[in-house]
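Worksheet: the structure to be examined is printed underneath.
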Amino acid sequence: MIMKKNLKLVAMFAVILLLQNCTSDDREIRVDSPPPSGDYANGIFVLNEGGYTYSNASVSFIDNSGQVYNNIFYAVNGRLLGDVAQSMAFHGDKAYIMVNNSNTIEVVNRYTFESITTIEQDILNPRFMTFVGDKGYITNWGDPADSTDDYVAVLNTETQVVINTISVSEGPEEIVNNNGTLYVAHKGGWDYGNTISVLNAATETITSSIQVSDVPGNMLIHNSDLYVLCAGKGDYTGDETLAGLHKINLATNQVTDQIIFADGTHPRHFQITNNSLLYTLNRAVFKVNLSDFTLPTTPFFSTNVQNVGQLNGFKISNGNIYIADAKDYVSNGAVLIYDLQGQFQQNYHVKLIPNGFYNNN
Amino acid sequence: MIRYLLIVLFFCCGALYAQVSPVTELSEVNLKYIKLKDSVYTTTQTVLNDSVLKRNQSSLTSLLNYNTTMYLKENGLGMVSSPSFRGTTAQQTAVLWNGININSQTTGQTDFNTINTRGFDQVIVKSGGGGVIDGSNAIGGSIYLENILEYNLGFENDLFLKYGSYNTYGIDYKTSYSTKQASFSLGVSRQGSENDYEYLGTDRINKNGQFNNTNISSSFGFKLNTRNTISFYANIYDGKRNFSLPTPNALETKYDDFNTRSMLEWVSKSKNLTSNTKVAYITENYKYYPNIVRDFYTYGDVGSLFVKYNLDYEMGRILLSGGLNYNQNNGEGSDIEHEIRHLGSAVLGLKHKVNKRFLYEISLRQELNSTYESPFLYAAGIQAEITSFYSLKLNTSKNFRIPTYNDLYWEGLGNTYLKPELSYQGEMSHVLHIPNASLTINAYYNKVQDLLLWTPDVNGVWRPKNAENVKIYGFEGLLTAKKSIAAHNFNVSATYAYTVSTNEKTNKQLIYVPYHKLTTTVGYAYKKLSAYYQYINNGEVYTTTDNATDHILNSYMVANFGLEYNLGRKNANTYILGAQILNVWNESYESVLNRPMPGRNFNVYLNFNI
């Protein structure tokens, strides 16, 4: 009897030891094999920012035939991109990816996506980047809770080393170059901005500041004008303000025309094509004729039918309108393609929180 | 499938062996004086005390992770931690300190790494809805942190010293003195760690993860006469944590917690009546420094007053209870408008032991307040002893969770029109008792309505709203068994939970809710030597609401091994020397995405009890 009991005891411990090793390995980051040519050329990159602190930002590539390649940074380099991919910029054969919460810039070959280096020094909360000659200019928020430490980092694109930092007012967001004059939109970080800084790239000094509406985020240069979209302060700020679209003459740096939006409307993105300016408001796209520059009353088209959750990215490229749908921010997102008449064409699955498109044709 | 067959097999096989194990199930209580919180008759409770508290690490996270079915979401060892109990959200587990709900009024949840278990004599885990008794948040279950006042034991001292990897230390001292009439105890506990462990499989270490905390708990009891007892309980927790970095170059941040709790309790008994009056005041304060090199911080600060009165009337086999609760919260913060809110409730209960083998209970609660819709709650259940070794329990309840200060009063985003979450649940337990072993199998269903969530609006702005409905069902097995062969003593305790928790609209499993979790502790003692081995086997969890496989956290198995030797004389003052290997198999794992936990590490401890 004792023997039998001991046997049971042994059996029980054996079962215990067996049980403990029941683990699975179901996480699967699918690695799509690279395009037959070996290069991520002739297509468009989609930046998926990933979840805040989750370090799962990624890059997708949609080639001109409509084939989607997800997680390409991971596929090529065997490591994850980082925490919150904010934007991407091209310079020569290099692509620079601002990884906001990692405080890094990943430098890769824009065709093979092979990592060249990771810039870590003098980068803190990088947002956007542009280039003048062989220098790169990166807007940085610094410590987001400190409204006085924001700057533009100047990068030597040969050595990939930050050679100078230019102190600017709070919340520098997009940065664009007009023949050596840089325009920096102060969207604001902790507080809310309402200016565009004008920066001389040669002297690396701020030469003037242009007053616009609150929360200027997006800028585009078209012909000899700079267009700035200001979202205005939301109701949650306790001081809601009107959104504005400003047209600034690049020769005089004066606002020459503007559209002020209706109370309670806060447009997010805009693009310019064929003498038209298209902007997004909630889940709809509106069209402004650049000749008369007046506020449209009805949407050009809506993405409601396609059930877009968050219209989180907007780009016109190759005669298509690309829309990034971030869903609920806690799901893999989608890219929707519409033609220039606003007709829905195509839907692609991408990764967590797509926020931007970068044409690599 | 084979895996689950094995688990069933394990339970059957284990049940043959038996006796008191470290995890004890609350024994059947006589129907005499029952504190109103006891609804143990028709639901399941697990009591963790004595050596279980000492052998586990000092955080409530670690204790519950290794000994209960709960899933603990820990942002790296020692960092912010929250539970998912029976497939519910972090806010749907109530934590009660000596009967007072201490879930944060700002976030609605308790950070389980800010509870130092060394400050308590026992921790009770109650599964399932307990809204009528425990109030808001008791949807998945409740955790009771208890200090027990004992009388007539003289002077006692307990010192526990621990030191381990990553400069982790623990110093706990408890002194108590009691006579027939009076009882006093004071406990001081200090825990800290450099916490700079390696991330397995990488060349990174856990940067900026250092923490320390001090917990002081004291209680005082005085028997005025045979009928009246006055007790006073106090607890101070002061915790300082740096938050480990999600990426190597991230800004270093830190978080300070300072919480105080005090309570005066008066119990008065007469022939058939027992009245219990509690007046408690608790404060919670946090400071978050978004950059440790600067003095700038954001904060939240809430003081809460509780007045609870309960009267039990015993009438033969029937116990009638009535209670009134009043709660005032007075809070503010960097982003929270200063608000005072008043909440009240009235409770009525009936327990009836029809005969030796059958008991039923019904309790009702009406919430009374002006801030949000006041729900009416109920709980009802039966317990039937079918045979000498098998009893059946059935229970149904309606529970709630109130909106938090953040939900209601966050500047610009708060929404004062929010409704409380409501949960309707039903549960069936089978309890098998044989000498030296017990096995409990529970099956439950829980429907949660109007889940309070912060979701992005059409503009991408996150706002609180009553967003979703969730359907949860699952089953649990809880086993304890003990066996002695000559001088060799063995004991086993194990828990297993299968949990399906789905969003009613999408039919997808909730994020951070594993389908499977298994915990096992095996103990062995021979004369003055004892050894124990514990492990958890945690199923994979989704981290995205579309349940995408590329963002899954893989399942993992983590095991700890400990060895103890009693240097003292038998049955006298004890001097225990112990050593532990944590994560024996050096498993690389995370319970929250991108928050690696430590690999194999070691510690030694010394316990003097005089």
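Residues are named by chain letter and number: chains run A, B, ... in the order of the structure tokens, numbers start at 1 in each chain, and ligands are numbered from 1 in the order shown.
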Residues near Lys94 in chain A, anyone? I mean within 7 Å using only C-alpha atoms, not counting same-chain ones fewer than 4 positions away, as a list in words.
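Contacts, with the query itself left out: Phe90, Val107, Val108, Asn109 and Arg110 of chain A.
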Once you have the residues from the selection above, write them out as a compact mmCIF listing (two decimals), in the first residue's frame, restricted to N, CA, C and O atoms.
# COMPACT_ATOMS: atom_id res chain seq x y z
N PHE A 90 13.67 61.85 -46.70
CA PHE A 90 14.67 61.28 -47.61
C PHE A 90 15.75 62.30 -47.92
O PHE A 90 15.48 63.50 -48.07
N VAL A 107 18.77 55.74 -39.40
CA VAL A 107 19.19 56.08 -40.75
C VAL A 107 19.31 54.77 -41.53
O VAL A 107 20.03 53.86 -41.09
N VAL A 108 18.59 54.68 -42.64
CA VAL A 108 18.62 53.45 -43.45
C VAL A 108 18.83 53.82 -44.92
O VAL A 108 18.60 54.96 -45.32
N ASN A 109 19.25 52.87 -45.69
CA ASN A 109 19.26 53.03 -47.14
C ASN A 109 17.81 52.98 -47.61
O ASN A 109 17.09 52.04 -47.28
N ARG A 110 17.39 53.98 -48.37
CA ARG A 110 15.96 54.07 -48.69
C ARG A 110 15.49 52.99 -49.66
O ARG A 110 14.28 52.80 -49.84
For the strand (DSSP E or B) assignment from backbone DSSP, which residues of range 56-87 of chain A qualify? Please present them as a list of chain:residue names.
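Residues meeting the strand (DSSP E or B) criterion: A:Ser58, A:Val59, A:Ser60, A:Phe61, A:Ile62, A:Asp63, A:Val68, A:Tyr69, A:Ala85, A:Gln86, A:Ser87.
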Considering only C-alpha atoms, return as a list in words whatever protein or nucleic-acid residues lie within 6 Å of Leu518 in chain B, sequence-local ones (same chain, fewer than 5 positions apart) excluded.
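Once the nearby chain positions are removed, what remains is Thr495, Tyr496, Ile536 and Asn537 of chain B.
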Keeping N, CA, C and O atoms for every residue in the selection just given, could you write it to a file as a PDB file, in the first residue's frame?
ATOM      1  N   THR B 495      -3.766  26.427  -8.559  1.00  0.00           N
ATOM      2  CA  THR B 495      -4.960  27.078  -9.099  1.00  0.00           C
ATOM      3  C   THR B 495      -4.862  27.041 -10.613  1.00  0.00           C
ATOM      4  O   THR B 495      -3.774  27.083 -11.177  1.00  0.00           O
ATOM      5  N   TYR B 496      -6.002  26.929 -11.244  1.00  0.00           N
ATOM      6  CA  TYR B 496      -6.029  27.005 -12.699  1.00  0.00           C
ATOM      7  C   TYR B 496      -7.246  27.816 -13.094  1.00  0.00           C
ATOM      8  O   TYR B 496      -8.313  27.684 -12.495  1.00  0.00           O
ATOM      9  N   ILE B 536       4.361  29.504 -12.062  1.00  0.00           N
ATOM     10  CA  ILE B 536       3.152  29.918 -12.766  1.00  0.00           C
ATOM     11  C   ILE B 536       3.349  29.635 -14.234  1.00  0.00           C
ATOM     12  O   ILE B 536       4.452  29.725 -14.770  1.00  0.00           O
ATOM     13  N   ASN B 537       2.259  29.264 -14.850  1.00  0.00           N
ATOM     14  CA  ASN B 537       2.268  29.026 -16.276  1.00  0.00           C
ATOM     15  C   ASN B 537       1.180  29.935 -16.826  1.00  0.00           C
ATOM     16  O   ASN B 537       0.006  29.726 -16.584  1.00  0.00           O
TER      17      ASN B 537
END
Chain A near chain B within 6 Å: what's each residue's closest atom pair and its distance in Å to one decimal, counting only C-alpha atoms, ordered by chain then ascending residue number, as a tab-separated table?
residue	atom	partner	partner_atom	distance
A:Thr23	CA	B:Ser555	CA	5.3
A:Ser24	CA	B:Ser555	CA	5.5
A:Asp25	CA	B:Asn554	CA	5.4
A:Arg27	CA	B:Ile552	CA	5.0
A:Glu28	CA	B:Asp550	CA	4.8
A:Ile29	CA	B:Asp550	CA	4.6
A:Thr53	CA	B:Pro246	CA	5.6
A:Tyr54	CA	B:Asn594	CA	5.3
A:Ser102	CA	B:Thr247	CA	5.5
A:Asn103	CA	B:Asn249	CA	5.8
A:Tyr236	CA	B:Gly412	CA	3.7
A:Thr237	CA	B:Gly412	CA	5.7
A:Gly238	CA	B:Gly412	CA	5.6
A:Asn282	CA	B:Val458	CA	5.4
A:Val330	CA	B:Thr544	CA	5.0
A:Ser331	CA	B:Thr544	CA	5.1
Residue subset to file, keeping C-alpha atoms, as a compact mmCIF listing (two decimals), in the first residue's frame:
# COMPACT_ATOMS: atom_id res chain seq x y z
CA THR A 23 4.32 27.30 -23.02
CA SER A 24 3.72 28.43 -26.53
CA ASP A 25 5.45 30.77 -28.90
CA ARG A 27 3.79 35.65 -31.33
CA GLU A 28 4.55 35.96 -34.95
CA ILE A 29 5.97 39.04 -36.55
CA THR A 53 5.98 52.83 -24.76
CA TYR A 54 5.33 49.54 -26.58
CA SER A 102 13.01 56.34 -28.37
CA ASN A 103 14.81 59.67 -28.83
CA TYR A 236 -10.71 70.17 -23.89
CA THR A 237 -8.23 73.03 -23.44
CA GLY A 238 -10.97 75.07 -21.80
CA ASN A 282 -12.97 64.29 -38.78
CA VAL A 330 -5.08 49.62 -30.30
CA SER A 331 -5.47 47.58 -33.50
Distance of CA of Ile581 in chain B from CA of Thr214 in chain B, expressed in Å to one decimal place
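Computing it gives 24.7 Å between the two atoms.
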Hey, what does DSSP flag as alpha helix (DSSP H) within range 29-188 of chain A? Can you give it to me as a list in words?
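Matching residues, listed in order: Ile72, Phe73, Tyr74, Ala75, Val76 and Asn77 of chain A.
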Save the residues we just selected, all heavy atoms, as a short mmCIF file (atom, residue, chain, number, x, y, z; two decimals), in the first residue's frame?
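Final file, out-v2.cif:
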data_model
loop_
_atom_site.label_atom_id
_atom_site.label_comp_id
_atom_site.auth_asym_id
_atom_site.auth_seq_id
_atom_site.Cartn_x
_atom_site.Cartn_y
_atom_site.Cartn_z
N ILE A 72 9.14 46.00 -42.63
CA ILE A 72 10.34 45.86 -43.46
C ILE A 72 11.62 46.22 -42.70
O ILE A 72 12.66 45.64 -42.95
CB ILE A 72 10.24 46.64 -44.79
CG1 ILE A 72 10.11 48.15 -44.56
CG2 ILE A 72 9.09 46.13 -45.64
CD1 ILE A 72 10.22 48.94 -45.86
N PHE A 73 11.54 47.14 -41.75
CA PHE A 73 12.75 47.45 -40.97
C PHE A 73 13.19 46.20 -40.20
O PHE A 73 14.36 45.84 -40.17
CB PHE A 73 12.50 48.62 -40.02
CG PHE A 73 13.72 49.05 -39.24
CD1 PHE A 73 14.57 50.01 -39.76
CD2 PHE A 73 14.03 48.47 -38.02
CE1 PHE A 73 15.72 50.39 -39.06
CE2 PHE A 73 15.17 48.84 -37.32
CZ PHE A 73 16.02 49.81 -37.85
N TYR A 74 12.22 45.54 -39.60
CA TYR A 74 12.50 44.33 -38.83
C TYR A 74 13.00 43.21 -39.76
O TYR A 74 13.96 42.50 -39.44
CB TYR A 74 11.23 43.88 -38.10
CG TYR A 74 11.38 42.64 -37.27
CD1 TYR A 74 11.93 42.71 -36.00
CD2 TYR A 74 10.96 41.40 -37.76
CE1 TYR A 74 12.08 41.57 -35.24
CE2 TYR A 74 11.11 40.26 -37.00
CZ TYR A 74 11.67 40.34 -35.74
OH TYR A 74 11.82 39.22 -34.98
N ALA A 75 12.36 43.10 -40.92
CA ALA A 75 12.72 42.03 -41.86
C ALA A 75 14.17 42.17 -42.30
O ALA A 75 14.91 41.19 -42.41
CB ALA A 75 11.80 42.06 -43.07
N VAL A 76 14.61 43.40 -42.55
CA VAL A 76 15.95 43.61 -43.08
C VAL A 76 16.99 43.63 -41.96
O VAL A 76 18.08 43.08 -42.10
CB VAL A 76 16.01 44.93 -43.89
CG1 VAL A 76 17.44 45.25 -44.31
CG2 VAL A 76 15.09 44.85 -45.10
N ASN A 77 16.64 44.25 -40.83
CA ASN A 77 17.65 44.50 -39.80
C ASN A 77 17.55 43.60 -38.57
O ASN A 77 18.41 43.66 -37.69
CB ASN A 77 17.60 45.97 -39.38
CG ASN A 77 17.85 46.89 -40.56
OD1 ASN A 77 18.92 46.82 -41.17
ND2 ASN A 77 16.87 47.69 -40.92
#
Here is a test: counting only C-alpha atoms, which residue of A:Cys230, A:Ala326, A:Leu352, A:Ile105 is nearest to Glu120 in chain A?
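Among the listed residues, the smallest separation from Glu120 in chain A belongs to A:Ile105.
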Pick out the residues sitting within 10 Å of Gly474 in chain B, and hand them over as number ranges by chain; count only C-alpha atoms, and ignore anything fewer than 2 positions along from it in its own chain.
B: 86-87, 427, 442-446, 472, 476, 497-501, 515-516
Just the selected residues (all heavy atoms), exported as a short mmCIF file (atom, residue, chain, number, x, y, z; two decimals), in the first residue's frame, please.
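And here's part_23.cif as it stands now:
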data_model
loop_
_atom_site.label_atom_id
_atom_site.label_comp_id
_atom_site.auth_asym_id
_atom_site.auth_seq_id
_atom_site.Cartn_x
_atom_site.Cartn_y
_atom_site.Cartn_z
N ARG B 86 -10.55 37.37 -13.12
CA ARG B 86 -11.66 36.77 -13.85
C ARG B 86 -11.99 37.55 -15.12
O ARG B 86 -13.15 37.85 -15.40
CB ARG B 86 -12.90 36.68 -12.96
CG ARG B 86 -12.83 35.53 -11.98
CD ARG B 86 -14.20 35.30 -11.35
NE ARG B 86 -14.20 34.05 -10.59
CZ ARG B 86 -15.23 33.65 -9.87
NH1 ARG B 86 -16.33 34.37 -9.81
NH2 ARG B 86 -15.18 32.52 -9.22
N GLY B 87 -10.97 37.93 -15.86
CA GLY B 87 -11.19 38.53 -17.18
C GLY B 87 -11.65 39.97 -17.16
O GLY B 87 -12.09 40.50 -18.17
N GLU B 427 -22.71 32.30 -10.59
CA GLU B 427 -21.57 31.44 -10.33
C GLU B 427 -22.01 30.16 -9.66
O GLU B 427 -22.97 30.15 -8.88
CB GLU B 427 -20.60 32.25 -9.46
CG GLU B 427 -19.69 31.46 -8.59
CD GLU B 427 -18.59 32.32 -7.96
OE1 GLU B 427 -18.72 33.56 -7.93
OE2 GLU B 427 -17.63 31.73 -7.50
N ASN B 442 -15.06 26.12 -9.86
CA ASN B 442 -16.05 27.19 -10.04
C ASN B 442 -16.31 27.40 -11.53
O ASN B 442 -15.38 27.36 -12.32
CB ASN B 442 -15.52 28.52 -9.52
CG ASN B 442 -15.20 28.47 -8.04
OD1 ASN B 442 -15.86 27.75 -7.30
ND2 ASN B 442 -14.21 29.23 -7.63
N ALA B 443 -17.56 27.68 -11.85
CA ALA B 443 -17.88 28.12 -13.20
C ALA B 443 -18.68 29.40 -13.05
O ALA B 443 -19.48 29.53 -12.13
CB ALA B 443 -18.70 27.08 -13.92
N TYR B 444 -18.42 30.39 -13.88
CA TYR B 444 -19.11 31.66 -13.70
C TYR B 444 -19.42 32.32 -15.04
O TYR B 444 -18.81 31.99 -16.07
CB TYR B 444 -18.29 32.62 -12.83
CG TYR B 444 -16.96 32.99 -13.47
CD1 TYR B 444 -16.87 34.11 -14.31
CD2 TYR B 444 -15.83 32.23 -13.25
CE1 TYR B 444 -15.67 34.43 -14.92
CE2 TYR B 444 -14.63 32.55 -13.85
CZ TYR B 444 -14.57 33.66 -14.69
OH TYR B 444 -13.38 33.97 -15.30
N TYR B 445 -20.35 33.24 -14.98
CA TYR B 445 -20.69 34.05 -16.13
C TYR B 445 -20.85 35.47 -15.63
O TYR B 445 -21.41 35.71 -14.57
CB TYR B 445 -22.01 33.56 -16.75
CG TYR B 445 -22.45 34.39 -17.93
CD1 TYR B 445 -21.95 34.11 -19.20
CD2 TYR B 445 -23.35 35.44 -17.79
CE1 TYR B 445 -22.32 34.88 -20.29
CE2 TYR B 445 -23.72 36.22 -18.87
CZ TYR B 445 -23.21 35.94 -20.12
OH TYR B 445 -23.57 36.70 -21.20
N ASN B 446 -20.35 36.43 -16.40
CA ASN B 446 -20.38 37.82 -15.94
C ASN B 446 -20.62 38.71 -17.15
O ASN B 446 -19.91 38.64 -18.14
CB ASN B 446 -19.03 38.15 -15.29
CG ASN B 446 -18.97 39.56 -14.72
OD1 ASN B 446 -19.95 40.30 -14.77
ND2 ASN B 446 -17.81 39.92 -14.19
N ILE B 472 -18.13 37.78 -20.06
CA ILE B 472 -17.03 36.98 -19.52
C ILE B 472 -17.58 35.65 -19.00
O ILE B 472 -18.62 35.63 -18.34
CB ILE B 472 -16.34 37.70 -18.34
CG1 ILE B 472 -15.96 39.13 -18.73
CG2 ILE B 472 -15.11 36.93 -17.87
CD1 ILE B 472 -15.51 39.99 -17.55
N GLU B 476 -12.65 27.77 -12.90
CA GLU B 476 -11.44 27.79 -12.08
C GLU B 476 -11.38 26.49 -11.28
O GLU B 476 -12.41 25.96 -10.89
CB GLU B 476 -11.51 28.93 -11.05
CG GLU B 476 -11.62 30.30 -11.62
CD GLU B 476 -12.11 31.32 -10.60
OE1 GLU B 476 -12.78 30.94 -9.61
OE2 GLU B 476 -11.82 32.50 -10.79
N ALA B 497 -7.11 28.67 -14.08
CA ALA B 497 -8.26 29.43 -14.56
C ALA B 497 -8.31 29.42 -16.08
O ALA B 497 -7.29 29.59 -16.74
CB ALA B 497 -8.19 30.88 -14.07
N TYR B 498 -9.50 29.19 -16.59
CA TYR B 498 -9.77 29.33 -18.01
C TYR B 498 -10.72 30.51 -18.14
O TYR B 498 -11.77 30.55 -17.49
CB TYR B 498 -10.42 28.06 -18.57
CG TYR B 498 -10.88 28.19 -20.00
CD1 TYR B 498 -9.93 28.23 -21.03
CD2 TYR B 498 -12.23 28.31 -20.32
CE1 TYR B 498 -10.33 28.37 -22.34
CE2 TYR B 498 -12.63 28.46 -21.64
CZ TYR B 498 -11.69 28.48 -22.65
OH TYR B 498 -12.07 28.64 -23.95
N THR B 499 -10.34 31.52 -18.90
CA THR B 499 -11.10 32.76 -18.93
C THR B 499 -11.37 33.21 -20.37
O THR B 499 -10.44 33.36 -21.15
CB THR B 499 -10.31 33.88 -18.23
OG1 THR B 499 -9.82 33.39 -16.99
CG2 THR B 499 -11.16 35.11 -17.99
N VAL B 500 -12.63 33.42 -20.67
CA VAL B 500 -12.98 34.01 -21.96
C VAL B 500 -13.66 35.33 -21.66
O VAL B 500 -14.66 35.37 -20.96
CB VAL B 500 -13.92 33.10 -22.78
CG1 VAL B 500 -14.31 33.78 -24.08
CG2 VAL B 500 -13.25 31.76 -23.06
N SER B 501 -13.08 36.41 -22.13
CA SER B 501 -13.61 37.74 -21.83
C SER B 501 -13.68 38.49 -23.15
O SER B 501 -12.65 38.88 -23.69
CB SER B 501 -12.66 38.42 -20.85
OG SER B 501 -13.08 39.73 -20.59
N TYR B 515 -6.20 33.28 -21.72
CA TYR B 515 -7.21 32.21 -21.65
C TYR B 515 -6.88 31.24 -20.51
O TYR B 515 -7.76 30.69 -19.88
CB TYR B 515 -7.25 31.43 -22.97
CG TYR B 515 -7.87 32.20 -24.11
CD1 TYR B 515 -7.10 32.64 -25.17
CD2 TYR B 515 -9.24 32.46 -24.12
CE1 TYR B 515 -7.66 33.33 -26.23
CE2 TYR B 515 -9.82 33.16 -25.18
CZ TYR B 515 -9.02 33.60 -26.23
OH TYR B 515 -9.59 34.29 -27.26
N HIS B 516 -5.56 31.04 -20.29
CA HIS B 516 -5.16 30.04 -19.31
C HIS B 516 -4.17 30.61 -18.30
O HIS B 516 -3.27 31.35 -18.68
CB HIS B 516 -4.44 28.87 -19.99
CG HIS B 516 -5.23 28.28 -21.09
ND1 HIS B 516 -6.29 27.44 -20.88
CD2 HIS B 516 -5.13 28.43 -22.44
CE1 HIS B 516 -6.81 27.08 -22.05
NE2 HIS B 516 -6.12 27.68 -23.01
#
For Ser209 in chain A, list every protein, DNA or RNA residue within 9 Å, evaluated using only C-alpha atoms, and leave out those in the same chain fewer than 4 positions away; present the list as a list of chain:residue names.
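What passes the distance filter is A:Thr195, A:Ile196, A:Ser197, A:Val198, A:Leu199, A:Asn253.
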Generate a file of the selected residues that holds C-alpha atoms, formatted as a PDB file, in the first residue's frame.
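The resulting again25.pdb:
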ATOM      1  CA  THR A 195       3.789  81.044 -34.730  1.00  0.00           C
ATOM      2  CA  ILE A 196       5.996  80.038 -37.626  1.00  0.00           C
ATOM      3  CA  SER A 197       9.699  80.665 -37.034  1.00  0.00           C
ATOM      4  CA  VAL A 198      11.789  81.705 -40.006  1.00  0.00           C
ATOM      5  CA  LEU A 199      15.297  80.298 -39.752  1.00  0.00           C
ATOM      6  CA  ASN A 253       6.852  86.314 -45.129  1.00  0.00           C
TER       7      ASN A 253
END
CA of Glu240 in chain A to CA of Trp454 in chain B measures 20.8 Å
